Amino acid sequence: MEKEILKVIGKNIKKYRKLCGYTQERLSELADVHPATIGRLEGGGINVTVLKLQKISKILNIEVKDLFQ
């Protein structure tokens, strides 16, 4: 059950990334993370810090809370 939130966050990052027209590579450049990290994040495979979520949400022009819905 704990990993479900990671999947929700990952799904939403992917959704908003695509809405912005970004590739995983472009989002990784903007967020200053390795491209594989974005892939693992979108797949719900890794936990991420709140600060990194905040940075990604700003890049995607959304609020952090939007990643949890």
# chains A, B, ... in the order shown; residues from 1 in each chain; ligands from 1
>>> residues_around(residues="A:Lys7", least_positions_apart="4", cutoff="7 Å", atoms="only C-alpha atoms", output="list in words")
Lys3, Lys11, Gly43 and Gly44 of chain A
>>> residues_around(residues="A:Gln54", least_positions_apart="5", cutoff="12 Å", atoms="only C-alpha atoms", output="ChimeraX atom specification")
/A:13,31,48-49,59-67
>>> atom_distance(atom1="atom CA of A:Val8", atom2="atom CA of A:Ala36")
18.3 Å
>>> closest_residue(among="A:Asn47, A:Gln69, A:Thr23, A:Ser28", to="A:Glu2", atoms="only C-alpha atoms")
A:Asn47
